[in-house]
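Source file: protein_22.txt; contents: compact mmCIF, C-alpha atoms.
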```
# COMPACT_ATOMS: atom_id res chain seq x y z
CA MET J 1 129.13 43.64 80.07
CA THR J 2 131.73 41.00 79.18
CA ASP J 3 129.05 38.94 77.45
CA LEU J 4 127.76 41.99 75.66
CA ALA J 5 131.25 42.96 74.51
CA ALA J 6 131.64 39.45 73.08
CA ILE J 7 128.32 39.76 71.25
CA VAL J 8 129.43 43.07 69.77
CA ARG J 9 132.88 41.82 68.85
CA GLU J 10 131.39 38.86 66.96
CA ARG J 11 129.33 41.29 64.89
CA ILE J 12 132.14 43.69 63.99
CA ARG J 13 133.59 42.96 60.57
CA SER J 14 137.30 43.67 60.22
CA VAL J 15 138.09 44.92 56.72
CA PRO J 16 141.81 45.11 55.86
CA ASP J 17 143.29 48.05 53.92
CA PHE J 18 140.28 50.36 54.31
CA PRO J 19 140.14 53.29 53.83
CA LYS J 20 143.80 52.83 52.91
CA LYS J 21 146.61 50.25 52.80
CA GLY J 22 147.68 49.01 56.24
CA VAL J 23 144.55 50.08 58.12
CA MET J 24 142.18 47.47 59.55
CA PHE J 25 138.72 49.02 59.47
CA ARG J 26 136.22 47.94 62.17
CA ASP J 27 132.85 47.80 60.44
CA ILE J 28 129.82 48.03 62.76
CA THR J 29 127.20 47.53 60.03
CA PRO J 30 126.71 43.80 60.80
CA LEU J 31 125.94 44.78 64.41
CA LEU J 32 123.46 47.46 63.29
CA ASN J 33 121.86 44.96 60.90
CA ASP J 34 121.17 42.59 63.83
CA GLY J 35 118.28 44.41 65.47
CA GLU J 36 118.19 42.19 68.53
CA ALA J 37 121.92 42.43 69.29
CA PHE J 38 122.01 46.17 68.71
CA ALA J 39 118.97 46.65 70.96
CA ARG J 40 120.89 44.92 73.76
CA VAL J 41 123.74 47.36 73.23
CA VAL J 42 121.38 50.32 73.29
CA ARG J 43 119.75 49.13 76.52
CA PHE J 44 123.18 48.80 78.14
CA TYR J 45 124.20 52.36 77.20
CA THR J 46 120.80 53.70 78.21
CA GLU J 47 121.10 52.17 81.69
CA ARG J 48 124.64 53.52 82.03
CA TYR J 49 123.49 57.11 81.44
CA ARG J 50 119.95 57.14 82.88
CA ASP J 51 119.31 59.62 85.72
CA LYS J 52 122.68 61.31 85.29
CA GLY J 53 121.16 64.70 84.43
CA ILE J 54 122.21 64.63 80.78
CA THR J 55 120.43 67.44 78.92
CA ARG J 56 121.99 67.05 75.44
CA VAL J 57 123.64 64.22 73.52
CA VAL J 58 126.30 65.57 71.16
CA SER J 59 127.01 63.21 68.25
CA ILE J 60 129.74 63.27 65.65
CA GLU J 61 128.85 62.86 61.95
CA SER J 62 127.84 60.46 60.67
CA ARG J 63 128.15 57.02 62.31
CA GLY J 64 127.97 58.73 65.71
CA PHE J 65 124.44 59.86 64.84
CA ILE J 66 123.20 56.26 64.98
CA LEU J 67 123.79 55.41 68.65
CA GLY J 68 123.71 59.09 69.67
CA SER J 69 120.20 59.79 68.45
CA ILE J 70 118.75 56.67 70.10
CA LEU J 71 120.40 57.59 73.40
CA ALA J 72 119.09 61.15 73.19
CA TYR J 73 115.59 59.77 72.70
CA ASN J 74 115.88 57.18 75.48
CA LEU J 75 117.32 59.73 77.92
CA GLY J 76 114.80 62.45 77.05
CA ALA J 77 117.66 64.72 75.99
CA GLY J 78 118.13 67.00 73.00
CA PHE J 79 120.25 65.77 70.08
CA ILE J 80 123.11 67.96 68.81
CA PRO J 81 124.91 67.10 65.56
CA VAL J 82 128.60 67.96 65.12
CA ARG J 83 129.41 68.01 61.41
CA LYS J 84 132.03 68.55 58.74
CA PRO J 85 132.38 72.16 57.51
CA GLY J 86 129.61 73.57 55.33
CA LYS J 87 126.89 71.12 56.35
CA LEU J 88 125.18 73.08 59.12
CA PRO J 89 123.11 75.97 57.74
CA PHE J 90 123.02 78.39 60.68
CA SER J 91 125.87 80.27 62.43
CA THR J 92 128.45 77.84 63.75
CA ILE J 93 131.49 77.60 65.97
CA ARG J 94 134.45 75.59 64.64
CA GLU J 95 137.37 73.57 65.92
CA SER J 96 140.25 72.24 63.84
CA TYR J 97 142.30 69.16 64.64
CA SER J 98 145.39 67.51 63.20
CA LEU J 99 145.34 64.56 60.86
CA GLU J 100 148.27 62.40 59.81
CA TYR J 101 148.70 64.84 56.92
CA GLY J 102 147.16 68.27 57.33
CA GLU J 103 144.11 69.14 59.41
CA ASP J 104 140.34 68.95 59.42
CA THR J 105 137.55 70.96 61.03
CA LEU J 106 134.28 70.24 62.84
CA GLU J 107 131.34 72.59 63.31
CA MET J 108 128.44 72.89 65.74
CA HIS J 109 125.56 75.38 65.67
CA MET J 110 126.40 78.29 67.95
CA ASP J 111 122.98 78.13 69.65
CA ALA J 112 123.10 74.35 70.22
CA LEU J 113 124.28 74.41 73.83
CA GLY J 114 124.31 76.79 76.75
CA LYS J 115 125.71 77.19 80.26
CA GLY J 116 124.27 74.51 82.50
CA ASP J 117 123.97 71.90 79.77
CA VAL J 118 125.32 68.50 80.77
CA THR J 119 126.35 66.60 77.66
CA LEU J 120 127.20 63.07 76.63
CA ILE J 121 129.47 62.97 73.56
CA VAL J 122 128.83 59.92 71.36
CA ASP J 123 130.72 58.47 68.42
CA ASP J 124 131.14 54.95 67.09
CA LEU J 125 134.91 54.74 67.48
CA LEU J 126 137.76 56.35 69.44
CA ALA J 127 140.98 56.32 67.42
CA THR J 128 143.57 59.10 67.89
CA GLY J 129 141.03 61.31 69.69
CA GLY J 130 141.27 64.23 67.27
CA THR J 131 137.59 64.54 66.45
CA ALA J 132 136.58 63.68 70.02
CA ASN J 133 138.83 66.37 71.48
CA ALA J 134 137.62 68.96 68.95
CA THR J 135 134.06 68.10 70.03
CA VAL J 136 134.97 68.52 73.72
CA ASN J 137 136.31 71.97 72.86
CA LEU J 138 133.11 72.92 71.01
CA VAL J 139 131.00 71.84 74.00
CA GLU J 140 133.14 73.56 76.63
CA ARG J 141 133.36 76.82 74.64
CA CYS J 142 129.56 77.03 75.09
CA GLY J 143 129.94 76.78 78.89
CA ALA J 144 128.48 73.26 78.90
CA THR J 145 130.09 70.26 80.59
CA VAL J 146 131.00 66.80 79.34
CA LEU J 147 129.71 64.01 81.58
CA GLU J 148 131.46 61.32 79.52
CA LEU J 149 132.64 60.50 76.00
CA SER J 150 131.03 57.26 74.91
CA PHE J 151 132.08 54.98 72.06
CA LEU J 152 131.24 51.51 70.84
CA ILE J 153 134.86 50.76 69.97
CA GLU J 154 138.23 51.99 71.16
CA LEU J 155 141.52 51.45 69.35
CA SER J 156 143.62 51.85 72.47
CA PHE J 157 146.91 51.33 70.62
CA LEU J 158 146.33 54.76 69.04
CA GLY J 159 146.26 56.46 72.45
CA GLY J 160 143.09 58.49 71.97
CA ARG J 161 142.35 58.77 75.70
CA LYS J 162 145.49 60.82 76.20
CA ALA J 163 144.11 63.50 73.88
CA LEU J 164 141.05 63.81 76.11
CA GLY J 165 142.81 64.69 79.36
CA THR J 166 140.87 63.90 82.52
CA ARG J 167 137.46 63.60 80.88
CA PRO J 168 135.75 60.24 81.46
CA VAL J 169 135.83 57.91 78.47
CA PHE J 170 133.86 54.70 77.94
CA ALA J 171 134.03 52.10 75.18
CA LEU J 172 132.41 48.68 75.13
CA VAL J 173 135.01 46.97 72.95
CA ASP J 174 138.76 47.62 72.77
CA TYR J 175 141.13 46.57 70.00
CA LYS J 176 144.57 46.63 71.58
CA ASN J 177 146.39 46.34 68.29
CA GLU J 178 145.83 46.67 64.58
CA LEU J 179 145.20 42.95 63.94
CA MET N 1 98.75 64.76 63.68
CA THR N 2 97.81 68.33 62.77
CA ASP N 3 98.96 69.51 66.20
CA LEU N 4 102.16 67.55 65.86
CA ALA N 5 102.83 68.99 62.41
CA ALA N 6 102.40 72.47 63.89
CA ILE N 7 104.84 71.65 66.70
CA VAL N 8 107.38 70.46 64.14
CA ARG N 9 106.85 73.41 61.82
CA GLU N 10 107.46 75.85 64.69
CA ARG N 11 110.80 74.15 65.35
CA ILE N 12 112.08 74.11 61.77
CA ARG N 13 114.38 77.01 61.03
CA SER N 14 114.20 78.36 57.49
CA VAL N 15 117.63 79.53 56.34
CA PRO N 16 117.66 81.52 53.08
CA ASP N 17 120.34 80.99 50.42
CA PHE N 18 121.70 77.72 51.84
CA PRO N 19 123.48 75.75 50.52
CA LYS N 20 123.28 78.21 47.60
CA LYS N 21 121.59 81.41 46.48
CA GLY N 22 117.84 81.11 46.02
CA VAL N 23 117.38 77.96 48.10
CA MET N 24 115.45 78.10 51.40
CA PHE N 25 116.97 75.43 53.63
CA ARG N 26 114.68 73.75 56.21
CA ASP N 27 116.85 73.18 59.27
CA ILE N 28 115.61 70.48 61.66
CA THR N 29 118.31 71.02 64.30
CA PRO N 30 116.06 73.17 66.57
CA LEU N 31 113.54 70.30 66.57
CA LEU N 32 116.26 67.76 67.42
CA ASN N 33 117.54 70.06 70.16
CA ASP N 34 114.10 70.04 71.81
CA GLY N 35 114.12 66.56 73.32
CA GLU N 36 110.47 66.63 74.37
CA ALA N 37 109.13 67.76 71.00
CA PHE N 38 111.33 65.34 69.07
CA ALA N 39 110.25 62.48 71.36
CA ARG N 40 106.61 63.21 70.42
CA VAL N 41 107.58 63.00 66.75
CA VAL N 42 109.38 59.70 67.31
CA ARG N 43 106.38 58.23 69.17
CA PHE N 44 104.11 59.21 66.30
CA TYR N 45 106.30 57.52 63.68
CA THR N 46 106.77 54.48 65.90
CA GLU N 47 103.01 54.01 66.24
CA ARG N 48 102.55 54.44 62.49
CA TYR N 49 104.94 51.57 61.73
CA ARG N 50 104.46 49.23 64.69
CA ASP N 51 103.27 45.67 63.88
CA LYS N 52 103.70 46.17 60.15
CA GLY N 53 106.30 43.42 59.79
CA ILE N 54 109.20 45.78 59.09
CA THR N 55 112.46 43.81 59.31
CA ARG N 56 114.95 46.55 58.32
CA VAL N 57 114.99 50.35 58.40
CA VAL N 58 117.06 51.75 55.53
CA SER N 59 118.35 55.27 56.23
CA ILE N 60 120.03 57.76 53.95
CA GLU N 61 123.24 59.51 55.09
CA SER N 62 123.48 61.47 57.23
CA ARG N 63 120.44 63.32 58.63
CA GLY N 64 118.32 60.28 57.76
CA PHE N 65 120.34 58.28 60.29
CA ILE N 66 118.85 60.28 63.17
CA LEU N 67 115.17 59.36 62.90
CA GLY N 68 115.98 56.09 61.08
CA SER N 69 118.11 54.60 63.83
CA ILE N 70 115.58 55.41 66.55
CA LEU N 71 112.78 53.83 64.52
CA ALA N 72 114.87 50.71 63.88
CA TYR N 73 115.41 50.40 67.63
CA ASN N 74 111.78 51.05 68.54
CA LEU N 75 110.50 48.61 65.90
CA GLY N 76 113.05 45.88 66.76
CA ALA N 77 114.37 46.04 63.21
CA GLY N 78 117.90 46.08 61.80
CA PHE N 79 119.40 49.40 60.71
CA ILE N 80 120.87 49.72 57.21
CA PRO N 81 122.90 52.80 56.23
CA VAL N 82 122.87 54.04 52.63
CA ARG N 83 125.93 56.22 52.07
CA LYS N 84 127.90 58.36 49.65
CA PRO N 85 130.53 56.46 47.61
CA GLY N 86 133.67 55.28 49.39
CA LYS N 87 132.26 55.33 52.93
CA LEU N 88 131.12 51.72 53.30
CA PRO N 89 134.09 49.35 53.69
CA PHE N 90 132.66 46.04 52.41
CA SER N 91 131.37 45.07 48.94
CA THR N 92 128.57 47.40 47.87
CA ILE N 93 125.88 47.81 45.25
CA ARG N 94 125.46 51.30 43.77
CA GLU N 95 122.81 53.50 42.20
CA SER N 96 123.39 56.81 40.47
CA TYR N 97 120.86 59.62 40.21
CA SER N 98 120.68 62.95 38.42
CA LEU N 99 121.38 66.28 40.04
CA GLU N 100 120.67 69.72 38.62
CA TYR N 101 124.18 69.56 37.16
CA GLY N 102 125.74 66.11 36.77
CA GLU N 103 124.97 63.06 38.89
CA ASP N 104 125.68 61.49 42.24
CA THR N 105 125.82 57.94 43.58
CA LEU N 106 124.64 56.08 46.68
CA GLU N 107 125.93 52.79 48.02
CA MET N 108 124.61 50.03 50.26
CA HIS N 109 126.43 46.93 51.52
CA MET N 110 125.59 44.01 49.21
CA ASP N 111 124.78 41.75 52.19
CA ALA N 112 122.56 44.30 53.96
CA LEU N 113 119.20 42.97 52.75
CA GLY N 114 117.75 39.77 51.38
CA LYS N 115 114.60 38.35 49.82
CA GLY N 116 111.76 38.55 52.30
CA ASP N 117 112.99 41.71 53.99
CA VAL N 118 110.30 44.34 54.47
CA THR N 119 111.89 47.76 54.67
CA LEU N 120 111.01 51.26 55.75
CA ILE N 121 113.12 53.89 53.97
CA VAL N 122 113.78 56.96 56.17
CA ASP N 123 115.25 60.36 55.40
CA ASP N 124 114.71 63.80 56.85
CA LEU N 125 113.46 65.47 53.68
CA LEU N 126 111.88 64.60 50.32
CA ALA N 127 112.92 67.09 47.63
CA THR N 128 113.21 65.98 43.97
CA GLY N 129 113.21 62.31 45.00
CA GLY N 130 116.59 61.47 43.43
CA THR N 131 118.23 59.98 46.52
CA ALA N 132 114.97 58.36 47.64
CA ASN N 133 114.44 56.67 44.28
CA ALA N 134 118.06 55.48 44.15
CA THR N 135 117.51 53.96 47.61
CA VAL N 136 114.32 52.21 46.45
CA ASN N 137 116.33 50.70 43.59
CA LEU N 138 119.05 49.49 45.97
CA VAL N 139 116.44 47.83 48.20
CA GLU N 140 114.48 46.22 45.37
CA ARG N 141 117.63 44.92 43.65
CA CYS N 142 118.16 42.81 46.80
CA GLY N 143 114.69 41.26 46.43
CA ALA N 144 113.39 43.18 49.45
CA THR N 145 110.22 45.27 49.48
CA VAL N 146 109.53 48.87 50.48
CA LEU N 147 106.61 49.23 52.89
CA GLU N 148 106.79 53.03 52.81
CA LEU N 149 109.20 55.92 52.37
CA SER N 150 109.03 58.14 55.43
CA PHE N 151 110.23 61.73 55.80
CA LEU N 152 109.88 64.52 58.32
CA ILE N 153 109.51 67.15 55.60
CA GLU N 154 108.31 67.17 52.01
CA LEU N 155 108.94 69.96 49.52
CA SER N 156 105.96 69.06 47.35
CA PHE N 157 106.62 71.87 44.85
CA LEU N 158 109.67 69.86 43.72
CA GLY N 159 107.51 66.86 42.76
CA GLY N 160 109.53 64.16 44.51
CA ARG N 161 106.58 61.75 44.84
CA LYS N 162 106.41 61.43 41.05
CA ALA N 163 109.94 59.98 41.03
CA LEU N 164 108.79 57.25 43.44
CA GLY N 165 106.00 55.78 41.31
CA THR N 166 103.32 53.91 43.23
CA ARG N 167 105.35 53.40 46.41
CA PRO N 168 103.70 54.81 49.54
CA VAL N 169 105.21 58.06 50.79
CA PHE N 170 104.64 59.80 54.12
CA ALA N 171 105.82 63.18 55.41
CA LEU N 172 104.65 64.99 58.52
CA VAL N 173 105.18 68.53 57.21
CA ASP N 174 104.83 69.82 53.66
CA TYR N 175 106.24 73.05 52.26
CA LYS N 176 104.15 73.77 49.19
CA ASN N 177 106.48 76.48 47.91
CA GLU N 178 109.95 77.86 48.40
CA LEU N 179 108.95 80.62 50.85
```

Write out the structure in this file as structure tokens.
Amino acid sequence: MTDLAAIVRERIRSVPDFPKKGVMFRDITPLLNDGEAFARVVRFYTERYRDKGITRVVSIESRGFILGSILAYNLGAGFIPVRKPGKLPFSTIRESYSLEYGEDTLEMHMDALGKGDVTLIVDDLLATGGTANATVNLVERCGATVLELSFLIELSFLGGRKALGTRPVFALVDYKNEL
Amino acid sequence: MTDLAAIVRERIRSVPDFPKKGVMFRDITPLLNDGEAFARVVRFYTERYRDKGITRVVSIESRGFILGSILAYNLGAGFIPVRKPGKLPFSTIRESYSLEYGEDTLEMHMDALGKGDVTLIVDDLLATGGTANATVNLVERCGATVLELSFLIELSFLGGRKALGTRPVFALVDYKNEL
């Protein structure tokens, strides 16, 4: 895994001042563009979650859809999108979370999950944990359980794990500070 | 393929008046939620495009990411996201296209593709062809070629194929009218 983390880190492009001044954005598109490297990443995550009884992979719009959908396919699980308000056409349940200024909301179809579902929550990046925790709440309100929250990247200096309580969290690469 | 199209059609939920009055929205989330059925769909698309020399799969935000990323993985190709303005952090090229009222724009990273790349363009649905044609233009401006545009669903009554000229188009399911 150390080797793999190094491969991933080499293919993450750090873009200063995006989306706003003072933020260093971690861009995974060079990793995705390298089919061979990204396939190694996918195989690693697939092995991590194989035979764990996962019935649904819940992915957060929209970069989370990329790894999440491949894992759902590889694990033989259903794929559940969690989206910004107004994007899902059927009846939804909603969870709001705080931003630096104001709040935002995520939605999931109300019939997406049921009691007995074992889910893996997937997104590209764990920052403050706001969207991840809102997604945990959506899943648990349906009576389903969260086996793990899985990310490519963690920004541990933002303390996102704290927002997620005792739920297991995994990330392949950690940036311990903004630089 | 006829059987598979029937399986898909049974799992598409038609939602009237979404996102606005008079539009029948074709919701693929029940298909995605059925891991076994969606895996059959993925295997079909994978076989269709295997050994065709595809180097990159170009997918349109955000439902296009779901099938597109799995195909990129299965084909050993790189994955290229095409996104709404302001989402991609690095230098981009842009293409605008007409909507019923006004216009919209799509972006792709300027270093995503190069001469010699053979691409498959993937989205969930072909409607008027505006976003698909903008994506073709982004790909061809990089000197890359489009092997085929591939969709789960086509709304042929909207005439999207006409917008795409002579480029090959494939869709598993066609809705020939709004109902």

- Message: Residues proximal to (105.2, 73.5, 54.9) were defined as those with any atom within 10 Å of that point in the file's coordinates, counting all atoms listed in the file. Which are they, as a ChimeraX atom specification?
- Response: /N:5-6,8-9,12,26,153-156,172-179

Proximity of chain J to chain N: per-residue shortest pair, 10 Å limit, only C-alpha atoms, as JSON lines:
```
{"residue": "J:Arg13", "atom": "CA", "partner": "N:Phe90", "partner_atom": "CA", "distance": 8.8}
{"residue": "J:Ser14", "atom": "CA", "partner": "N:Pro89", "partner_atom": "CA", "distance": 9.2}
{"residue": "J:Val15", "atom": "CA", "partner": "N:Pro89", "partner_atom": "CA", "distance": 6.7}
{"residue": "J:Pro16", "atom": "CA", "partner": "N:Pro89", "partner_atom": "CA", "distance": 9.1}
{"residue": "J:Asp17", "atom": "CA", "partner": "N:Pro89", "partner_atom": "CA", "distance": 9.3}
{"residue": "J:Phe18", "atom": "CA", "partner": "N:Pro89", "partner_atom": "CA", "distance": 6.3}
{"residue": "J:Pro19", "atom": "CA", "partner": "N:Pro89", "partner_atom": "CA", "distance": 7.2}
{"residue": "J:Phe25", "atom": "CA", "partner": "N:Pro89", "partner_atom": "CA", "distance": 7.4}
{"residue": "J:Arg26", "atom": "CA", "partner": "N:Pro89", "partner_atom": "CA", "distance": 8.9}
{"residue": "J:Asp27", "atom": "CA", "partner": "N:Pro89", "partner_atom": "CA", "distance": 7.0}
{"residue": "J:Thr29", "atom": "CA", "partner": "N:Ile80", "partner_atom": "CA", "distance": 7.3}
{"residue": "J:Pro30", "atom": "CA", "partner": "N:Ala112", "partner_atom": "CA", "distance": 8.0}
{"residue": "J:Leu31", "atom": "CA", "partner": "N:Gly78", "partner_atom": "CA", "distance": 8.6}
{"residue": "J:Leu32", "atom": "CA", "partner": "N:Phe79", "partner_atom": "CA", "distance": 5.2}
{"residue": "J:Asn33", "atom": "CA", "partner": "N:Gly78", "partner_atom": "CA", "distance": 4.2}
{"residue": "J:Asp34", "atom": "CA", "partner": "N:Gly78", "partner_atom": "CA", "distance": 5.2}
{"residue": "J:Gly35", "atom": "CA", "partner": "N:Gly78", "partner_atom": "CA", "distance": 4.0}
{"residue": "J:Glu36", "atom": "CA", "partner": "N:Gly76", "partner_atom": "CA", "distance": 6.6}
{"residue": "J:Ala37", "atom": "CA", "partner": "N:Gly78", "partner_atom": "CA", "distance": 9.3}
{"residue": "J:Phe38", "atom": "CA", "partner": "N:Tyr73", "partner_atom": "CA", "distance": 7.9}
{"residue": "J:Ala39", "atom": "CA", "partner": "N:Tyr73", "partner_atom": "CA", "distance": 6.2}
{"residue": "J:Arg40", "atom": "CA", "partner": "N:Tyr73", "partner_atom": "CA", "distance": 9.9}
{"residue": "J:Val42", "atom": "CA", "partner": "N:Tyr73", "partner_atom": "CA", "distance": 8.2}
{"residue": "J:Arg43", "atom": "CA", "partner": "N:Tyr73", "partner_atom": "CA", "distance": 10.0}
{"residue": "J:Thr55", "atom": "CA", "partner": "N:Gly35", "partner_atom": "CA", "distance": 8.5}
{"residue": "J:Arg56", "atom": "CA", "partner": "N:Asn33", "partner_atom": "CA", "distance": 7.5}
{"residue": "J:Val57", "atom": "CA", "partner": "N:Asn33", "partner_atom": "CA", "distance": 9.1}
{"residue": "J:Val58", "atom": "CA", "partner": "N:Asn33", "partner_atom": "CA", "distance": 9.9}
{"residue": "J:Glu61", "atom": "CA", "partner": "N:Ser62", "partner_atom": "CA", "distance": 7.3}
{"residue": "J:Ser62", "atom": "CA", "partner": "N:Ser62", "partner_atom": "CA", "distance": 5.6}
{"residue": "J:Arg63", "atom": "CA", "partner": "N:Phe65", "partner_atom": "CA", "distance": 8.2}
{"residue": "J:Gly64", "atom": "CA", "partner": "N:Phe65", "partner_atom": "CA", "distance": 9.4}
{"residue": "J:Phe65", "atom": "CA", "partner": "N:Ile66", "partner_atom": "CA", "distance": 5.8}
{"residue": "J:Ile66", "atom": "CA", "partner": "N:Ser69", "partner_atom": "CA", "distance": 5.5}
{"residue": "J:Leu67", "atom": "CA", "partner": "N:Ser69", "partner_atom": "CA", "distance": 7.5}
{"residue": "J:Gly68", "atom": "CA", "partner": "N:Ile66", "partner_atom": "CA", "distance": 8.2}
{"residue": "J:Ser69", "atom": "CA", "partner": "N:Ile66", "partner_atom": "CA", "distance": 5.5}
{"residue": "J:Ile70", "atom": "CA", "partner": "N:Ile70", "partner_atom": "CA", "distance": 4.9}
{"residue": "J:Leu71", "atom": "CA", "partner": "N:Ile70", "partner_atom": "CA", "distance": 8.7}
{"residue": "J:Ala72", "atom": "CA", "partner": "N:Gly35", "partner_atom": "CA", "distance": 7.3}
{"residue": "J:Tyr73", "atom": "CA", "partner": "N:Ala39", "partner_atom": "CA", "distance": 6.1}
{"residue": "J:Asn74", "atom": "CA", "partner": "N:Ala39", "partner_atom": "CA", "distance": 8.8}
{"residue": "J:Leu75", "atom": "CA", "partner": "N:Gly35", "partner_atom": "CA", "distance": 8.8}
{"residue": "J:Gly76", "atom": "CA", "partner": "N:Gly35", "partner_atom": "CA", "distance": 5.6}
{"residue": "J:Ala77", "atom": "CA", "partner": "N:Gly35", "partner_atom": "CA", "distance": 4.8}
{"residue": "J:Gly78", "atom": "CA", "partner": "N:Gly35", "partner_atom": "CA", "distance": 4.0}
{"residue": "J:Phe79", "atom": "CA", "partner": "N:Asn33", "partner_atom": "CA", "distance": 5.1}
{"residue": "J:Ile80", "atom": "CA", "partner": "N:Asn33", "partner_atom": "CA", "distance": 6.1}
{"residue": "J:Pro81", "atom": "CA", "partner": "N:Thr29", "partner_atom": "CA", "distance": 7.8}
{"residue": "J:Arg83", "atom": "CA", "partner": "N:Ser62", "partner_atom": "CA", "distance": 9.8}
{"residue": "J:Gly86", "atom": "CA", "partner": "N:Pro19", "partner_atom": "CA", "distance": 8.1}
{"residue": "J:Lys87", "atom": "CA", "partner": "N:Pro19", "partner_atom": "CA", "distance": 8.2}
{"residue": "J:Leu88", "atom": "CA", "partner": "N:Asp27", "partner_atom": "CA", "distance": 8.3}
{"residue": "J:Pro89", "atom": "CA", "partner": "N:Phe18", "partner_atom": "CA", "distance": 6.3}
{"residue": "J:Phe90", "atom": "CA", "partner": "N:Val15", "partner_atom": "CA", "distance": 7.0}
{"residue": "J:His109", "atom": "CA", "partner": "N:Thr29", "partner_atom": "CA", "distance": 8.6}
{"residue": "J:Asp111", "atom": "CA", "partner": "N:Pro30", "partner_atom": "CA", "distance": 9.1}
{"residue": "J:Ala112", "atom": "CA", "partner": "N:Asn33", "partner_atom": "CA", "distance": 7.0}
{"residue": "J:Leu113", "atom": "CA", "partner": "N:Asn33", "partner_atom": "CA", "distance": 8.8}
```

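CA of Glu148 in chain N to CA of Phe170 in chain N spans 7.2 Å [interatomic distance, one decimal].
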
- Item | Between CA of Leu106 in chain J and CA of Pro85 in chain N - distance in Å to one decimal |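 Straight-line distance from CA of Pro85 in chain N to CA of Leu106 in chain J works out to 20.9 Å.
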
- Using only C-alpha atoms, the residue out of N:Lys84, N:Arg50, N:Lys162, N:Lys20 with shortest distance to Leu126 in chain N is N:Lys162

- Query: When you draw a straight line from CA of Lys52 in chain N to CA of Thr166 in chain N, how long is it in Å?
  - Reply: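 Taking CA of Lys52 in chain N and CA of Thr166 in chain N, their separation equals 18.6 Å.
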
- Have a look at N:Glu47, N:Gly130, N:Val169, N:Leu120 and name the one nearest to Glu95 in chain N; count only C-alpha atoms.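 Of N:Glu47, N:Gly130, N:Val169, N:Leu120, the one nearest Glu95 in chain N is N:Gly130, counting only C-alpha atoms.
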
- Message: From the options N:Arg161, N:Thr128, N:Gly116, N:Val146, which residue's atoms come nearest to Tyr97 in chain N, counting only C-alpha atoms?
- Response: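 Among the listed residues, the smallest separation from Tyr97 in chain N belongs to N:Thr128.
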
Give the padded box for range 71-86 of chain J as AutoDock Vina command-line options: axis-aligned, covering all atoms listed in the file, 3 Å on each side, centre and edge lengths in Å to one decimal.
```
--center_x 123.6 --center_y 65.4 --center_z 66.6 --size_x 23.6 --size_y 22.4 --size_z 28.6
```
